[in-house]
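S.K.: Supplied in structure tokens, the structure appears directly below.
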Amino acid sequence: HVPMNYETVGDKMIFYSLGNFIFDTDYQRAQFNTEKGILLKLHFTEDRYSFEAFGLKINRENEHIESAPLPKIFADIQEDDYNKLEPLAAKMFLAATKRQQLFLYPDKFKNATEAQWKDHFYEEKRSGRVPGEALDFQIIYPIAQEEAKGAWKECKLEAVKAYILEQM
């Protein structure tokens with residue numbers, strides 16, 4: 001639901017998320033940057049392709065899509081920098097999930113301790129729907145704990161680091 005980076009692999013590009021575009025709900029508004037998006041204009045020839053990226057935002061007051069600067073996260077992040085940033089991004093994802101849960105269930109999570117959050121993240125049926133749905137958090141939670149080691153500080157993508165830190 002939020003703009004993310006892209007990655008060039010050989011002569012191909014992988015766009016991980018372009019954002020919400022025109023989708024907007026109260027549930028999503030509990031998260032940062034859900035009003036931002038990216039529109040791609042693709043150029044194809046027989047031999048190659050390229051793209052132009054345009055930033056956009058949802059003007060929630062009058063319910064329109066408007067032109068905006070490209071989000072700082074929209075950068076070609078290669079594997080070495082990705083590996084450095086992964087723990088910081090995982091920690092940010094947990095922070096975003098906590099905000100979401102506080103929005104949806106304020107009575108349950110208002111004064112939750114870190115131990116209670118961890119139990120919640122590891123709960124097999126976290127939302128009560130499907131066994132095993134917490135698997136993503138069982139992977140992400142330990143990665144987020146690695147953030148304290150500070151390897152992300154070695155990444156030279158300052159705007160990307162700032163974007164991630166702004167969301168925590």
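Identifiers in the structure tokens: chain A, B, ... in order shown; residue index from 1 per chain; ligand index from 1 in order shown.
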Assign secondary structure with DSSP using the backbone only, and return the residues of chain A in strand (DSSP E) as a VMD selection string.
M.R.: chain A and resid 6 to 9 12 to 15 36 to 44 49 to 59 64 to 68
S.K.: Set the distance at 12 Å and use only C-alpha atoms: which residues neighbour Phe21 of chain A once local chain neighbours fewer than 6 positions away are removed? I'd like the list as a short mmCIF file (atom, residue, chain, number, x, y, z; two decimals) with N, CA, C and O atoms, in the first residue's frame.
M.R.:
```cif
data_model
loop_
_atom_site.label_atom_id
_atom_site.label_comp_id
_atom_site.auth_asym_id
_atom_site.auth_seq_id
_atom_site.Cartn_x
_atom_site.Cartn_y
_atom_site.Cartn_z
N HIS A 1 0.80 -1.22 0.00
CA HIS A 1 0.00 0.00 0.00
C HIS A 1 0.84 1.27 0.00
O HIS A 1 0.29 2.36 0.03
N VAL A 2 2.17 1.14 0.01
CA VAL A 2 3.04 2.31 0.02
C VAL A 2 4.08 2.16 -1.08
O VAL A 2 4.44 1.06 -1.47
N PRO A 3 4.59 3.29 -1.59
CA PRO A 3 5.65 3.20 -2.60
C PRO A 3 6.89 2.55 -2.01
O PRO A 3 7.21 2.74 -0.84
N ASN A 33 2.42 7.31 4.48
CA ASN A 33 2.69 7.33 3.04
C ASN A 33 1.72 6.54 2.18
O ASN A 33 2.00 6.27 1.01
N THR A 34 0.56 6.17 2.72
CA THR A 34 -0.43 5.48 1.88
C THR A 34 -1.11 6.44 0.91
O THR A 34 -1.79 5.99 -0.01
N GLU A 35 -0.90 7.74 1.10
CA GLU A 35 -1.46 8.71 0.17
C GLU A 35 -0.52 8.97 -1.00
O GLU A 35 -0.86 9.68 -1.93
N LYS A 36 0.68 8.38 -0.97
CA LYS A 36 1.67 8.59 -2.02
C LYS A 36 1.69 7.42 -2.99
O LYS A 36 1.39 6.29 -2.61
N GLY A 37 2.07 7.71 -4.21
CA GLY A 37 2.16 6.64 -5.21
C GLY A 37 3.09 7.02 -6.34
O GLY A 37 3.63 8.13 -6.39
N ILE A 38 3.25 6.08 -7.24
CA ILE A 38 4.12 6.26 -8.40
C ILE A 38 3.37 5.76 -9.63
O ILE A 38 2.76 4.69 -9.60
N LEU A 39 3.44 6.53 -10.67
CA LEU A 39 2.87 6.14 -11.95
C LEU A 39 4.03 5.95 -12.91
O LEU A 39 4.92 6.79 -12.99
N LEU A 40 4.05 4.81 -13.61
CA LEU A 40 5.12 4.52 -14.55
C LEU A 40 4.62 4.66 -15.98
O LEU A 40 3.53 4.19 -16.31
N PHE A 54 6.59 9.04 -12.30
CA PHE A 54 5.93 10.27 -11.89
C PHE A 54 5.36 10.06 -10.49
O PHE A 54 4.69 9.05 -10.23
N GLY A 55 5.62 10.98 -9.62
CA GLY A 55 5.04 10.91 -8.27
C GLY A 55 3.60 11.39 -8.28
O GLY A 55 3.22 12.25 -9.09
N LEU A 56 2.81 10.83 -7.40
CA LEU A 56 1.43 11.28 -7.25
C LEU A 56 1.05 11.17 -5.78
O LEU A 56 1.70 10.51 -4.99
N LYS A 57 -0.03 11.86 -5.44
CA LYS A 57 -0.56 11.75 -4.08
C LYS A 57 -2.07 11.84 -4.14
O LYS A 57 -2.65 12.44 -5.05
N ILE A 58 -2.69 11.21 -3.17
CA ILE A 58 -4.14 11.31 -3.03
C ILE A 58 -4.42 12.55 -2.18
O ILE A 58 -3.96 12.65 -1.05
N ASN A 59 -5.14 13.49 -2.75
CA ASN A 59 -5.59 14.65 -1.98
C ASN A 59 -6.88 14.20 -1.28
O ASN A 59 -7.93 14.12 -1.90
N GLU A 63 -10.58 14.46 -2.58
CA GLU A 63 -10.65 13.15 -3.23
C GLU A 63 -10.21 13.18 -4.70
O GLU A 63 -10.93 12.73 -5.59
N HIS A 64 -9.01 13.71 -4.91
CA HIS A 64 -8.42 13.75 -6.24
C HIS A 64 -7.00 13.22 -6.20
O HIS A 64 -6.35 13.24 -5.16
N ILE A 65 -6.52 12.79 -7.35
CA ILE A 65 -5.12 12.39 -7.51
C ILE A 65 -4.38 13.61 -8.05
O ILE A 65 -4.82 14.23 -9.01
N GLU A 66 -3.22 13.92 -7.44
CA GLU A 66 -2.45 15.08 -7.86
C GLU A 66 -1.00 14.69 -8.11
O GLU A 66 -0.51 13.72 -7.56
N SER A 67 -0.34 15.47 -8.92
CA SER A 67 1.08 15.29 -9.17
C SER A 67 1.84 15.62 -7.88
O SER A 67 1.45 16.50 -7.12
#
```
S.K.: Using only C-alpha atoms, can you tell me which of A:Asp107, A:Asp81, A:Glu86, A:Asp119 comes closest to Cys155 of chain A?
M.R.: A:Asp81
S.K.: Might you pull out every residue within 9 Å of Asp76 of chain A, with only C-alpha atoms counted and same-chain residues fewer than 2 positions away left off, and present them as a VMD selection string?
M.R.: chain A and resid 5 to 8 13 73 to 74 78
S.K.: Quote the spacing between atom CA of Leu157 of chain A and atom CA of Leu85 of chain A in Å to one decimal place.
M.R.: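 About the pair atom CA of Leu157 of chain A and atom CA of Leu85 of chain A: they are 9.5 Å apart.
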S.K.: As a PyMOL selection string, please: all residues of chain A that backbone DSSP puts in alpha helix (DSSP H).
M.R.: chain A and resi 26-29+79-104+106-109+114-122+135-145+158-166
S.K.: Looking at only C-alpha atoms, which of A:Thr97, A:Asn62, A:Gln167, A:Gln138 is the one that sits closest to Phe109 of chain A?
M.R.: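 Checking each of A:Thr97, A:Asn62, A:Gln167, A:Gln138 against Phe109 of chain A, counting only C-alpha atoms, the winner is A:Thr97.
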S.K.: Point out the residue among A:Lys72, A:Lys118, A:Lys149, A:Arg60 with the least atom-to-atom distance to Phe23 of chain A, counting only C-alpha atoms.
M.R.: A:Arg60
